[in-house]
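File shown here: query.pdb, holding PDB, C-alpha atoms.
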```
ATOM      1  CA  MET X   1     132.027 118.056  71.409  1.00  0.00           C
ATOM      2  CA  VAL X   2     135.313 116.177  71.690  1.00  0.00           C
ATOM      3  CA  GLU X   3     138.713 117.490  70.748  1.00  0.00           C
ATOM      4  CA  ARG X   4     141.822 115.391  71.030  1.00  0.00           C
ATOM      5  CA  ARG X   5     145.354 116.708  70.809  1.00  0.00           C
ATOM      6  CA  GLU X   6     148.208 114.492  71.907  1.00  0.00           C
ATOM      7  CA  ALA X   7     151.977 114.794  71.841  1.00  0.00           C
ATOM      8  CA  ALA X   8     153.795 111.668  70.726  1.00  0.00           C
ATOM      9  CA  ALA X   9     156.219 110.339  73.324  1.00  0.00           C
ATOM     10  CA  GLN X  10     159.793 109.713  72.203  1.00  0.00           C
ATOM     11  CA  PRO X  11     161.917 106.847  73.584  1.00  0.00           C
ATOM     12  CA  GLY X  12     163.435 107.913  76.907  1.00  0.00           C
ATOM     13  CA  ASP X  13     161.088 110.879  77.207  1.00  0.00           C
ATOM     14  CA  GLU X  14     159.221 111.648  80.401  1.00  0.00           C
ATOM     15  CA  GLN X  15     155.838 109.943  80.337  1.00  0.00           C
ATOM     16  CA  PRO X  16     152.818 112.148  81.026  1.00  0.00           C
ATOM     17  CA  VAL X  17     150.713 111.447  84.100  1.00  0.00           C
ATOM     18  CA  PRO X  18     146.955 111.056  83.447  1.00  0.00           C
ATOM     19  CA  ALA X  19     144.916 113.937  84.877  1.00  0.00           C
ATOM     20  CA  LEU X  20     141.179 114.529  84.698  1.00  0.00           C
ATOM     21  CA  ARG X  21     139.319 117.733  85.544  1.00  0.00           C
ATOM     22  CA  VAL X  22     135.548 118.138  85.466  1.00  0.00           C
ATOM     23  CA  ALA X  23     134.373 121.731  85.320  1.00  0.00           C
ATOM     24  CA  ALA X  24     131.114 123.614  84.797  1.00  0.00           C
ATOM     25  CA  TYR X  25     130.760 126.832  82.801  1.00  0.00           C
ATOM     26  CA  ALA X  26     127.942 129.247  82.002  1.00  0.00           C
ATOM     27  CA  VAL X  27     126.998 131.065  78.825  1.00  0.00           C
ATOM     28  CA  VAL X  28     125.186 134.171  80.055  1.00  0.00           C
ATOM     29  CA  ALA X  29     124.005 136.543  77.337  1.00  0.00           C
ATOM     30  CA  VAL X  30     121.925 139.681  78.019  1.00  0.00           C
ATOM     31  CA  ASP X  31     121.048 142.535  75.659  1.00  0.00           C
ATOM     32  CA  GLY X  32     123.627 141.603  73.011  1.00  0.00           C
ATOM     33  CA  ARG X  33     126.425 141.098  75.545  1.00  0.00           C
ATOM     34  CA  VAL X  34     127.993 137.983  77.038  1.00  0.00           C
ATOM     35  CA  LEU X  35     129.566 137.615  80.478  1.00  0.00           C
ATOM     36  CA  LEU X  36     133.251 136.612  80.211  1.00  0.00           C
ATOM     37  CA  THR X  37     136.259 136.290  82.478  1.00  0.00           C
ATOM     38  CA  GLN X  38     139.896 136.999  81.717  1.00  0.00           C
ATOM     39  CA  MET X  39     142.344 134.280  82.728  1.00  0.00           C
ATOM     40  CA  SER X  40     145.023 135.264  85.256  1.00  0.00           C
ATOM     41  CA  GLN X  41     148.761 134.652  85.203  1.00  0.00           C
ATOM     42  CA  ASN X  42     148.063 131.545  87.368  1.00  0.00           C
ATOM     43  CA  THR X  43     146.645 129.721  84.327  1.00  0.00           C
ATOM     44  CA  PRO X  44     148.052 128.110  81.168  1.00  0.00           C
ATOM     45  CA  ILE X  45     146.274 130.780  79.052  1.00  0.00           C
ATOM     46  CA  PRO X  46     146.908 134.116  80.805  1.00  0.00           C
ATOM     47  CA  GLY X  47     145.128 137.087  79.270  1.00  0.00           C
ATOM     48  CA  GLN X  48     142.659 135.040  77.277  1.00  0.00           C
ATOM     49  CA  TRP X  49     138.938 135.498  77.810  1.00  0.00           C
ATOM     50  CA  ALA X  50     136.760 132.545  78.772  1.00  0.00           C
ATOM     51  CA  LEU X  51     133.349 131.570  80.053  1.00  0.00           C
ATOM     52  CA  PRO X  52     132.882 132.027  83.783  1.00  0.00           C
ATOM     53  CA  GLY X  53     133.049 128.751  85.664  1.00  0.00           C
ATOM     54  CA  GLY X  54     135.535 126.232  86.907  1.00  0.00           C
ATOM     55  CA  GLY X  55     136.309 122.939  88.521  1.00  0.00           C
ATOM     56  CA  LEU X  56     133.928 120.962  90.655  1.00  0.00           C
ATOM     57  CA  ASP X  57     134.819 120.513  94.315  1.00  0.00           C
ATOM     58  CA  HIS X  58     134.815 116.881  95.462  1.00  0.00           C
ATOM     59  CA  GLY X  59     131.196 115.762  95.877  1.00  0.00           C
ATOM     60  CA  GLU X  60     129.777 118.938  94.307  1.00  0.00           C
ATOM     61  CA  ALA X  61     127.071 118.731  91.641  1.00  0.00           C
ATOM     62  CA  PRO X  62     127.947 120.483  88.347  1.00  0.00           C
ATOM     63  CA  ILE X  63     124.968 122.857  88.628  1.00  0.00           C
ATOM     64  CA  ASP X  64     126.062 123.889  92.139  1.00  0.00           C
ATOM     65  CA  ALA X  65     129.627 124.379  90.893  1.00  0.00           C
ATOM     66  CA  VAL X  66     128.597 126.675  88.044  1.00  0.00           C
ATOM     67  CA  VAL X  67     126.453 128.811  90.363  1.00  0.00           C
ATOM     68  CA  ARG X  68     129.327 129.065  92.875  1.00  0.00           C
ATOM     69  CA  GLU X  69     132.035 129.714  90.275  1.00  0.00           C
ATOM     70  CA  VAL X  70     130.092 132.401  88.386  1.00  0.00           C
ATOM     71  CA  HIS X  71     129.444 134.213  91.660  1.00  0.00           C
ATOM     72  CA  GLU X  72     133.122 133.971  92.722  1.00  0.00           C
ATOM     73  CA  GLU X  73     134.390 135.148  89.330  1.00  0.00           C
ATOM     74  CA  THR X  74     131.824 137.844  88.446  1.00  0.00           C
ATOM     75  CA  GLY X  75     129.725 138.676  91.515  1.00  0.00           C
ATOM     76  CA  HIS X  76     126.562 137.609  89.678  1.00  0.00           C
ATOM     77  CA  VAL X  77     123.860 135.280  90.973  1.00  0.00           C
ATOM     78  CA  LEU X  78     122.548 132.893  88.328  1.00  0.00           C
ATOM     79  CA  ARG X  79     118.921 131.985  87.765  1.00  0.00           C
ATOM     80  CA  ASP X  80     117.146 129.750  85.252  1.00  0.00           C
ATOM     81  CA  VAL X  81     120.259 127.581  84.839  1.00  0.00           C
ATOM     82  CA  ARG X  82     119.831 125.072  81.994  1.00  0.00           C
ATOM     83  CA  LEU X  83     122.126 122.265  80.849  1.00  0.00           C
ATOM     84  CA  ALA X  84     123.260 123.015  77.280  1.00  0.00           C
ATOM     85  CA  ASP X  85     125.960 120.454  76.453  1.00  0.00           C
ATOM     86  CA  VAL X  86     128.901 118.417  77.699  1.00  0.00           C
ATOM     87  CA  GLY X  87     132.278 118.385  75.981  1.00  0.00           C
ATOM     88  CA  SER X  88     135.755 116.995  76.366  1.00  0.00           C
ATOM     89  CA  HIS X  89     139.190 118.306  75.461  1.00  0.00           C
ATOM     90  CA  ARG X  90     142.395 116.278  75.783  1.00  0.00           C
ATOM     91  CA  PHE X  91     145.988 117.441  75.461  1.00  0.00           C
ATOM     92  CA  THR X  92     149.471 116.870  76.851  1.00  0.00           C
ATOM     93  CA  ALA X  93     151.098 119.800  78.645  1.00  0.00           C
ATOM     94  CA  ARG X  94     152.884 120.854  81.826  1.00  0.00           C
ATOM     95  CA  SER X  95     150.764 121.624  84.864  1.00  0.00           C
ATOM     96  CA  PRO X  96     151.388 124.835  86.841  1.00  0.00           C
ATOM     97  CA  ALA X  97     153.436 122.628  89.211  1.00  0.00           C
ATOM     98  CA  GLY X  98     155.663 121.536  86.296  1.00  0.00           C
ATOM     99  CA  ARG X  99     154.394 117.947  85.989  1.00  0.00           C
ATOM    100  CA  LEU X 100     153.889 116.627  82.435  1.00  0.00           C
ATOM    101  CA  GLU X 101     150.223 115.616  82.195  1.00  0.00           C
ATOM    102  CA  ASP X 102     148.015 113.765  79.744  1.00  0.00           C
ATOM    103  CA  PHE X 103     145.190 116.121  80.625  1.00  0.00           C
ATOM    104  CA  GLN X 104     141.514 115.595  79.913  1.00  0.00           C
ATOM    105  CA  SER X 105     139.058 118.371  80.630  1.00  0.00           C
ATOM    106  CA  VAL X 106     135.362 117.509  80.778  1.00  0.00           C
ATOM    107  CA  GLN X 107     133.219 120.632  80.485  1.00  0.00           C
ATOM    108  CA  VAL X 108     129.591 120.772  81.578  1.00  0.00           C
ATOM    109  CA  ILE X 109     128.096 123.793  79.821  1.00  0.00           C
ATOM    110  CA  TYR X 110     125.023 125.636  81.031  1.00  0.00           C
ATOM    111  CA  THR X 111     123.081 128.602  79.763  1.00  0.00           C
ATOM    112  CA  ALA X 112     121.664 130.925  82.387  1.00  0.00           C
ATOM    113  CA  ASP X 113     120.286 134.318  83.213  1.00  0.00           C
ATOM    114  CA  VAL X 114     121.384 136.536  86.085  1.00  0.00           C
ATOM    115  CA  GLU X 115     119.171 137.843  88.877  1.00  0.00           C
ATOM    116  CA  LYS X 116     120.393 141.369  88.153  1.00  0.00           C
ATOM    117  CA  VAL X 117     122.865 142.695  85.588  1.00  0.00           C
ATOM    118  CA  LEU X 118     125.719 144.248  87.563  1.00  0.00           C
ATOM    119  CA  GLU X 119     129.170 145.574  86.830  1.00  0.00           C
ATOM    120  CA  PRO X 120     131.212 142.343  87.118  1.00  0.00           C
ATOM    121  CA  VAL X 121     133.607 142.079  90.053  1.00  0.00           C
ATOM    122  CA  VAL X 122     136.023 139.247  90.811  1.00  0.00           C
ATOM    123  CA  LEU X 123     135.341 138.077  94.373  1.00  0.00           C
ATOM    124  CA  ASP X 124     137.875 135.209  94.371  1.00  0.00           C
ATOM    125  CA  VAL X 125     140.973 137.402  94.109  1.00  0.00           C
ATOM    126  CA  GLY X 126     144.226 135.563  93.413  1.00  0.00           C
ATOM    127  CA  GLY X 127     142.558 132.666  91.597  1.00  0.00           C
ATOM    128  CA  SER X 128     142.246 131.874  87.912  1.00  0.00           C
ATOM    129  CA  THR X 129     140.342 135.065  87.019  1.00  0.00           C
ATOM    130  CA  SER X 130     142.008 138.462  86.700  1.00  0.00           C
ATOM    131  CA  GLN X 131     138.875 140.364  85.619  1.00  0.00           C
ATOM    132  CA  ALA X 132     135.327 139.892  84.360  1.00  0.00           C
ATOM    133  CA  ALA X 133     133.268 141.918  81.908  1.00  0.00           C
ATOM    134  CA  TRP X 134     130.128 142.090  79.859  1.00  0.00           C
ATOM    135  CA  VAL X 135     131.375 141.979  76.266  1.00  0.00           C
ATOM    136  CA  ALA X 136     129.273 143.058  73.291  1.00  0.00           C
ATOM    137  CA  LEU X 137     128.810 140.175  70.865  1.00  0.00           C
ATOM    138  CA  ALA X 138     130.058 142.491  68.100  1.00  0.00           C
ATOM    139  CA  ASP X 139     133.336 142.986  70.033  1.00  0.00           C
ATOM    140  CA  LEU X 140     134.172 139.298  70.600  1.00  0.00           C
ATOM    141  CA  ALA X 141     136.453 139.179  67.550  1.00  0.00           C
ATOM    142  CA  LYS X 142     138.587 141.964  69.059  1.00  0.00           C
ATOM    143  CA  LEU X 143     139.458 139.922  72.172  1.00  0.00           C
ATOM    144  CA  PRO X 144     141.804 136.973  72.657  1.00  0.00           C
ATOM    145  CA  ILE X 145     139.069 134.397  73.288  1.00  0.00           C
ATOM    146  CA  SER X 146     140.185 130.958  74.463  1.00  0.00           C
ATOM    147  CA  GLU X 147     139.797 128.261  71.831  1.00  0.00           C
ATOM    148  CA  GLY X 148     137.225 126.294  73.834  1.00  0.00           C
ATOM    149  CA  THR X 149     135.183 129.380  74.689  1.00  0.00           C
ATOM    150  CA  GLY X 150     135.111 130.380  71.032  1.00  0.00           C
ATOM    151  CA  ARG X 151     133.703 126.984  70.081  1.00  0.00           C
ATOM    152  CA  TRP X 152     131.029 127.106  72.813  1.00  0.00           C
ATOM    153  CA  LEU X 153     129.984 130.641  71.915  1.00  0.00           C
ATOM    154  CA  ASP X 154     129.766 129.751  68.221  1.00  0.00           C
ATOM    155  CA  GLN X 155     127.617 126.758  69.069  1.00  0.00           C
ATOM    156  CA  LEU X 156     125.310 128.331  71.657  1.00  0.00           C
ATOM    157  CA  LEU X 157     124.874 131.978  70.630  1.00  0.00           C
TER     158      LEU X 157
END
```
Show me this structure written as structure tokens.
Amino acid sequence: MVERREAAAQPGDEQPVPALRVAAYAVVAVDGRVLLTQMSQNTPIPGQWALPGGGLDHGEAPIDAVVREVHEETGHVLRDVRLADVGSHRFTARSPAGRLEDFQSVQVIYTADVEKVLEPVVLDVGGSTSQAAWVALADLAKLPISEGTGRWLDQLL
């Protein structure tokens, strides 16, 4: 899945700096519910709900990143992690530091189960996640779901 959204530069305008981020996310569905995280004020989409996951650390394998990120953001331990798809999203926007970026996000998407269904708890406090929850599939339309998460859920559920 590739989505491309670009802002046209005007003469004399600030030129965006290329930026690339590779991240891994998990679609975890159990008993008609899906595990989601709410984006914090530290993100470009505060309040929106997204798949648990995040950026790879330098040298980290995507599967290791998704296991780590889901644990940090929800307190859950993944099992039976399976590669589902890889996508890309490109746009021009300001980074949290204020720099204009030509940003490309590469998303490695996994499906997985959890060792045990728990009440989600954010362990990495102060990061990109303000809260986590199991959301009934029937209730997804009631939440502000991020655009990318909506596409992945439509495709994989």
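Put simply, CA of Gln48 (chain X) is 19.2 Å away from CA of Leu157 (chain X).
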I'd like the contact shell of Arg21 (chain X) - 8 Å cut-off, only C-alpha atoms, skipping same-chain residues fewer than 6 positions apart - returned as a PyMOL selection string. chain X and resi 55+103-106
Closest atom pairs, residues of region 107-156 of chain X within 7 Å of region 31-43 of chain X, all atoms listed in the file, as a Markdown table:
```
| residue | atom | partner | partner_atom | distance |
| --- | --- | --- | --- | --- |
| X:Ser128 | CA | X:Ser40 | CA | 5.1 |
| X:Thr129 | CA | X:Met39 | CA | 4.8 |
| X:Ser130 | CA | X:Ser40 | CA | 4.6 |
| X:Gln131 | CA | X:Gln38 | CA | 5.3 |
| X:Ala132 | CA | X:Thr37 | CA | 4.2 |
| X:Ala133 | CA | X:Leu36 | CA | 5.6 |
| X:Trp134 | CA | X:Leu35 | CA | 4.6 |
| X:Val135 | CA | X:Arg33 | CA | 5.1 |
| X:Ala136 | CA | X:Arg33 | CA | 4.1 |
| X:Leu137 | CA | X:Arg33 | CA | 5.3 |
```
Write out as a PyMOL selection string the residues lying within 12 Å of Val70 (chain X), counting only C-alpha atoms and excluding same-chain residues fewer than 2 positions away. chain X and resi 23-28+35-37+50-55+63-68+72-79+81+110-114+120-124+129+132-133
In Å, with one decimal, what is the gap from CA of Gln155 (chain X) to CA of Ala61 (chain X)?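 Rounded to one decimal, the two atoms are 24.0 Å apart.
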Computed gap from CA of Glu115 (chain X) to CA of His58 (chain X) is 27.0 Å
Which one of X:Gly150, X:Pro62, X:Gly98, X:Pro144 sits closest to Leu83 (chain X) if you count all atoms listed in the file?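 Using all atoms listed in the file, the shortest distance to Leu83 (chain X) belongs to X:Pro62.
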Would you please work out which residue, of X:Leu20, X:Leu118, X:Pro44, X:Thr149, is nearest to Arg94 (chain X) when using all atoms listed in the file?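 Closest to Arg94 (chain X), using all atoms listed in the file: X:Pro44.
Between Val22 (chain X) and the residues X:Leu143, X:Val86, X:Ala138, X:Val125, the shortest atom-to-atom distance, using only C-alpha atoms, involves X:Val86.
The nearest approach to Asp85 (chain X) among the residues X:Ala29, X:Val17, X:Leu140, X:Val108, with all atoms listed in the file taken into account, belongs to X:Val108.
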Restricting to only C-alpha atoms, whichever of X:Val30, X:Val117, X:Gly148, X:Gly59 is closest to Ser88 (chain X) is X:Gly148
Could you complete region 17-43 of chain X so that it carries N, CA and C atoms, and give it back as a compact mmCIF listing (two decimals), in the frame of the given file?
```
# COMPACT_ATOMS: atom_id res chain seq x y z
N VAL X 17 151.57 112.03 83.08
CA VAL X 17 150.71 111.45 84.10
C VAL X 17 149.26 111.76 83.74
N PRO X 18 148.36 110.77 83.75
CA PRO X 18 146.96 111.06 83.45
C PRO X 18 146.36 112.02 84.48
N ALA X 19 145.60 112.98 84.00
CA ALA X 19 144.92 113.94 84.88
C ALA X 19 143.55 114.23 84.28
N LEU X 20 142.55 114.27 85.13
CA LEU X 20 141.18 114.53 84.70
C LEU X 20 140.61 115.68 85.52
N ARG X 21 139.96 116.61 84.85
CA ARG X 21 139.32 117.73 85.54
C ARG X 21 137.92 117.90 84.98
N VAL X 22 136.93 117.88 85.85
CA VAL X 22 135.55 118.14 85.47
C VAL X 22 135.21 119.55 85.93
N ALA X 23 134.68 120.34 85.01
CA ALA X 23 134.37 121.73 85.32
C ALA X 23 133.03 122.11 84.71
N ALA X 24 132.41 123.13 85.27
CA ALA X 24 131.11 123.61 84.80
C ALA X 24 131.24 125.09 84.44
N TYR X 25 130.66 125.47 83.31
CA TYR X 25 130.76 126.83 82.80
C TYR X 25 129.38 127.33 82.38
N ALA X 26 129.23 128.66 82.37
CA ALA X 26 127.94 129.25 82.00
C ALA X 26 128.09 130.20 80.83
N VAL X 27 127.16 130.09 79.89
CA VAL X 27 127.00 131.06 78.82
C VAL X 27 125.84 131.95 79.27
N VAL X 28 126.18 133.20 79.59
CA VAL X 28 125.19 134.17 80.06
C VAL X 28 125.19 135.34 79.07
N ALA X 29 124.12 135.47 78.32
CA ALA X 29 124.00 136.54 77.34
C ALA X 29 122.79 137.39 77.67
N VAL X 30 123.00 138.73 77.71
CA VAL X 30 121.92 139.68 78.02
C VAL X 30 122.11 140.91 77.13
N ASP X 31 121.05 141.30 76.45
CA ASP X 31 121.05 142.54 75.66
C ASP X 31 122.24 142.64 74.71
N GLY X 32 122.54 141.57 73.99
CA GLY X 32 123.63 141.60 73.01
C GLY X 32 125.02 141.57 73.60
N ARG X 33 125.12 141.21 74.88
CA ARG X 33 126.42 141.10 75.54
C ARG X 33 126.53 139.74 76.20
N VAL X 34 127.75 139.26 76.37
CA VAL X 34 127.99 137.98 77.04
C VAL X 34 128.95 138.22 78.20
N LEU X 35 128.74 137.50 79.28
CA LEU X 35 129.57 137.62 80.48
C LEU X 35 130.80 136.73 80.30
N LEU X 36 131.99 137.34 80.38
CA LEU X 36 133.25 136.61 80.21
C LEU X 36 134.22 136.95 81.33
N THR X 37 135.20 136.07 81.50
CA THR X 37 136.26 136.29 82.48
C THR X 37 137.61 136.23 81.78
N GLN X 38 138.55 137.03 82.27
CA GLN X 38 139.90 137.00 81.72
C GLN X 38 140.77 136.13 82.61
N MET X 39 141.51 135.23 81.99
CA MET X 39 142.34 134.28 82.73
C MET X 39 143.57 134.98 83.32
N SER X 40 143.91 134.64 84.55
CA SER X 40 145.02 135.26 85.26
C SER X 40 146.36 134.62 84.87
N GLN X 41 147.41 135.18 85.42
CA GLN X 41 148.76 134.65 85.20
C GLN X 41 148.92 133.27 85.83
N ASN X 42 148.01 132.86 86.71
CA ASN X 42 148.06 131.54 87.37
C ASN X 42 147.55 130.43 86.47
N THR X 43 147.25 130.71 85.22
CA THR X 43 146.65 129.72 84.33
C THR X 43 147.54 129.46 83.12
```
